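The structure under discussion appears below in the form of structure tokens.
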Amino acid sequence: MEKKDIVSLNFEELCAAFAEIDLPKFRATQVYDWLHKKCVKSFEEMTNISKEMCNKLNDNFVIFSCAIEKKLVSGYDGTVKYLFKLTDGEYLECVVMQYKYGHTICISTQVGCKMGCSFCASGIGGFKRQLKPAEMLGQIYTAQNDLGLRISRIVLMGMGEPLDNFDNVMRFLELVSDERGLNIGMRHISLSTSGIVPRIYDLLERHLQLTLSVSLHAPNNEIRSKIMPVNKSWDIDELLSACRIYGEKTSRRISFEYAMMNGVNDTPECAEELAKRLKNILCHVNLIPANEVAEKEHRRSTDKSIIQFKTILEKHGLTATVRRTLGSDINASCGQLRREKIKEDSFC
């Protein structure tokens, strides 16, 4: 019999699974608390259950978790970057950032990535597999236990495309917002997508009050198709139409992510065109000085170009900010630690 992934079960499913093996509901309450509040990684750590019950749990369930393979701490701002090793030996990354309001964690939703964006390190080494809800939660639980703090905000913007792992991500959101667990409200969660338009409409039907972040990175199809292959499936007009509808239906402001790349998408003409395209969309533009990746040719825009770009957007009535660079001394953008580890393992 295949063991069930216990951390990915919601409370009702856990109660039903316990009933199948003659365990009462109050035991499900205890175990759920151990898994999602105390964040244990084994049944043996649950001190209020018997050895007999522990054996029964081990016979029927498995706890998928993350083990710290490598940890980097920024000497500038305290940003912490983790390389986690999963049960099957795959690696993923997440980053914990400190702000005035608390700690934000940027988690991965896939091992590797299929999207193939020309400026991103996440897809180097290819796509391996989808992450289970338990493995998404495991990034948060492991980081919290290691740092001795509580995460207050979550960004699904690490390795992978969240909407390409739709069902598992939706279950993760259900679990992480459950009042029996971490109880992190949807308004404290951001989900990023490169633009899988049908899934944006699917997300809209869920009526979630999270922030949708769209990786736009270009003002037109010519530029976007060169740097983001997803644009060949759903072009910028289809994407922005979906974003306009999403904003109108949810009354939630879309966050457009725009990585500033020197000579690629950072000219005044690009800013003017972008401003026209985003007119009448409830949105905010997040300008990101591009992270430079050794295997990629794109380079960060100059500070002068970034400020000029921001000024033009604001002249057209758009709200724009330049993202503060955190963890610059530890390569805090996702994908780079995994890439280095894969290289290291290939020489062993």
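Letters A, B, ... go to the chains of the structure tokens in the order shown; residues in each chain start at 1; ligands are counted from 1 in the same order.
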* All strand (DSSP E) residues (DSSP, backbone) inside range 20-82 of chain A, as number ranges by chain -> A: 61-62, 67-73, 80-82
* Excluding same-chain residues fewer than 3 positions from range 215-217 of chain A, what lies within 7 Å of it counting only C-alpha atoms, as an MDAnalysis selection string? -> chainID A and resid 192:194 224 256:259
Take the residues from that selection and write them out as a compact mmCIF listing (two decimals), in the first residue's frame, keeping C-alpha atoms.
```
# COMPACT_ATOMS: atom_id res chain seq x y z
CA SER A 192 3.58 35.34 -9.51
CA THR A 193 2.98 34.13 -13.05
CA SER A 194 4.79 34.53 -16.35
CA ARG A 224 8.55 39.83 -24.88
CA PHE A 256 3.40 44.00 -12.87
CA GLU A 257 6.99 42.85 -12.44
CA TYR A 258 9.42 44.45 -14.87
CA ALA A 259 13.08 43.34 -14.81
```
* Shell around Ala17 in chain A at 12 Å using only C-alpha atoms, local window under 6 positions removed, as a PyMOL selection string -> chain A and resi 3-6+9-11+23-25+27-28+57+60-61
Can you spit out the residues from that selection as a short mmCIF file (atom, residue, chain, number, x, y, z; two decimals), in the first residue's frame, using C-alpha atoms?
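Saved to selection.cif:
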```cif
data_model
loop_
_atom_site.label_atom_id
_atom_site.label_comp_id
_atom_site.auth_asym_id
_atom_site.auth_seq_id
_atom_site.Cartn_x
_atom_site.Cartn_y
_atom_site.Cartn_z
CA LYS A 3 1.74 5.73 2.00
CA LYS A 4 -0.28 8.94 2.01
CA ASP A 5 1.36 12.37 1.96
CA ILE A 6 0.00 13.47 5.33
CA LEU A 9 -4.07 16.54 3.46
CA ASN A 10 -6.51 19.14 4.73
CA PHE A 11 -8.08 18.59 8.16
CA LEU A 23 -7.93 6.48 14.91
CA PRO A 24 -10.38 8.97 16.49
CA LYS A 25 -10.90 12.56 15.36
CA ARG A 27 -6.00 12.27 17.32
CA ALA A 28 -6.30 13.98 13.93
CA LEU A 57 1.28 6.46 11.41
CA ASN A 60 0.34 4.54 6.62
CA PHE A 61 1.75 8.02 6.08
#
```
* Asked: Where does DSSP see alpha helix (DSSP H) in range 263-326 of chain A, if you list the residues as number ranges by chain?
  -> A: 268-277, 303-315
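Residues in contact range of Ile312 in chain A, defined as at most 10 Å between only C-alpha atoms, with sequence neighbours fewer than 2 positions away removed, read Pro268, Glu269, Cys270, Ala271, Glu272, Leu274, Ala275, Ile307, Gln308, Phe309, Lys310, Glu314, Lys315, His316, Gly317, Leu318 and Ala320 of chain A.
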Same residues, N, CA and C atoms, saved as a PDB file, in the first residue's frame:
```pdb
ATOM      1  N   PRO A 268      13.388  54.980 -23.009  1.00  0.00           N
ATOM      2  CA  PRO A 268      12.228  55.856 -22.816  1.00  0.00           C
ATOM      3  C   PRO A 268      11.047  55.447 -23.698  1.00  0.00           C
ATOM      4  N   GLU A 269      11.348  54.963 -24.914  1.00  0.00           N
ATOM      5  CA  GLU A 269      10.287  54.529 -25.821  1.00  0.00           C
ATOM      6  C   GLU A 269       9.539  53.330 -25.244  1.00  0.00           C
ATOM      7  N   CYS A 270      10.281  52.445 -24.605  1.00  0.00           N
ATOM      8  CA  CYS A 270       9.645  51.291 -23.954  1.00  0.00           C
ATOM      9  C   CYS A 270       8.733  51.748 -22.816  1.00  0.00           C
ATOM     10  N   ALA A 271       9.195  52.735 -22.058  1.00  0.00           N
ATOM     11  CA  ALA A 271       8.394  53.248 -20.950  1.00  0.00           C
ATOM     12  C   ALA A 271       7.107  53.882 -21.454  1.00  0.00           C
ATOM     13  N   GLU A 272       7.201  54.656 -22.513  1.00  0.00           N
ATOM     14  CA  GLU A 272       6.011  55.293 -23.085  1.00  0.00           C
ATOM     15  C   GLU A 272       5.015  54.243 -23.565  1.00  0.00           C
ATOM     16  N   LEU A 274       4.783  51.088 -22.621  1.00  0.00           N
ATOM     17  CA  LEU A 274       4.252  50.345 -21.477  1.00  0.00           C
ATOM     18  C   LEU A 274       3.141  51.136 -20.786  1.00  0.00           C
ATOM     19  N   ALA A 275       3.359  52.417 -20.611  1.00  0.00           N
ATOM     20  CA  ALA A 275       2.358  53.263 -19.954  1.00  0.00           C
ATOM     21  C   ALA A 275       1.038  53.248 -20.718  1.00  0.00           C
ATOM     22  N   ILE A 307      15.582  55.167 -13.178  1.00  0.00           N
ATOM     23  CA  ILE A 307      14.887  56.343 -12.655  1.00  0.00           C
ATOM     24  C   ILE A 307      14.131  57.058 -13.766  1.00  0.00           C
ATOM     25  N   GLN A 308      14.737  57.153 -14.938  1.00  0.00           N
ATOM     26  CA  GLN A 308      14.077  57.793 -16.082  1.00  0.00           C
ATOM     27  C   GLN A 308      12.822  57.014 -16.474  1.00  0.00           C
ATOM     28  N   PHE A 309      12.911  55.701 -16.486  1.00  0.00           N
ATOM     29  CA  PHE A 309      11.785  54.839 -16.830  1.00  0.00           C
ATOM     30  C   PHE A 309      10.642  55.058 -15.831  1.00  0.00           C
ATOM     31  N   LYS A 310      10.980  55.074 -14.550  1.00  0.00           N
ATOM     32  CA  LYS A 310       9.991  55.277 -13.491  1.00  0.00           C
ATOM     33  C   LYS A 310       9.303  56.636 -13.638  1.00  0.00           C
ATOM     34  N   GLU A 314       5.241  57.391 -14.144  1.00  0.00           N
ATOM     35  CA  GLU A 314       4.511  58.240 -13.199  1.00  0.00           C
ATOM     36  C   GLU A 314       3.889  59.451 -13.898  1.00  0.00           C
ATOM     37  N   LYS A 315       4.550  59.944 -14.938  1.00  0.00           N
ATOM     38  CA  LYS A 315       4.007  61.060 -15.708  1.00  0.00           C
ATOM     39  C   LYS A 315       2.668  60.687 -16.343  1.00  0.00           C
ATOM     40  N   HIS A 316       2.524  59.397 -16.635  1.00  0.00           N
ATOM     41  CA  HIS A 316       1.274  58.904 -17.241  1.00  0.00           C
ATOM     42  C   HIS A 316       0.263  58.433 -16.189  1.00  0.00           C
ATOM     43  N   GLY A 317       0.542  58.704 -14.919  1.00  0.00           N
ATOM     44  CA  GLY A 317      -0.417  58.384 -13.874  1.00  0.00           C
ATOM     45  C   GLY A 317      -0.309  56.997 -13.287  1.00  0.00           C
ATOM     46  N   LEU A 318       0.748  56.245 -13.650  1.00  0.00           N
ATOM     47  CA  LEU A 318       0.942  54.912 -13.093  1.00  0.00           C
ATOM     48  C   LEU A 318       1.725  54.983 -11.786  1.00  0.00           C
ATOM     49  N   ALA A 320       4.571  53.420  -9.681  1.00  0.00           N
ATOM     50  CA  ALA A 320       5.752  52.587  -9.942  1.00  0.00           C
ATOM     51  C   ALA A 320       6.758  52.738  -8.815  1.00  0.00           C
TER      52      ALA A 320
END
```
* **range 129-146 of chain A surroundings by only C-alpha atoms, 7 Å radius, close-in-sequence under 2 positions cut, as a PyMOL selection string** => chain A and resi 7-8+39+64-66+94+107-111+127+148-151+165+168-169+171-172
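Distance annotation: of A:Ala242, A:Met157, A:Met260, A:Leu203, the residue with the minimal separation from Ile105 in chain A is A:Met157; atom set is only C-alpha atoms.
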* Just the residues within 9 Å of range 282-293 of chain A, please, counting only C-alpha atoms, with nothing from its chain fewer than 6 positions along; format it as a PyMOL selection string. => chain A and resi 119-121+217+243-244+247-248+251-262+299-303+306+309-310+313+318-325+328+331-333+336
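CA of Ser190 in chain A lies 25.7 Å from CA of Ile223 in chain A.
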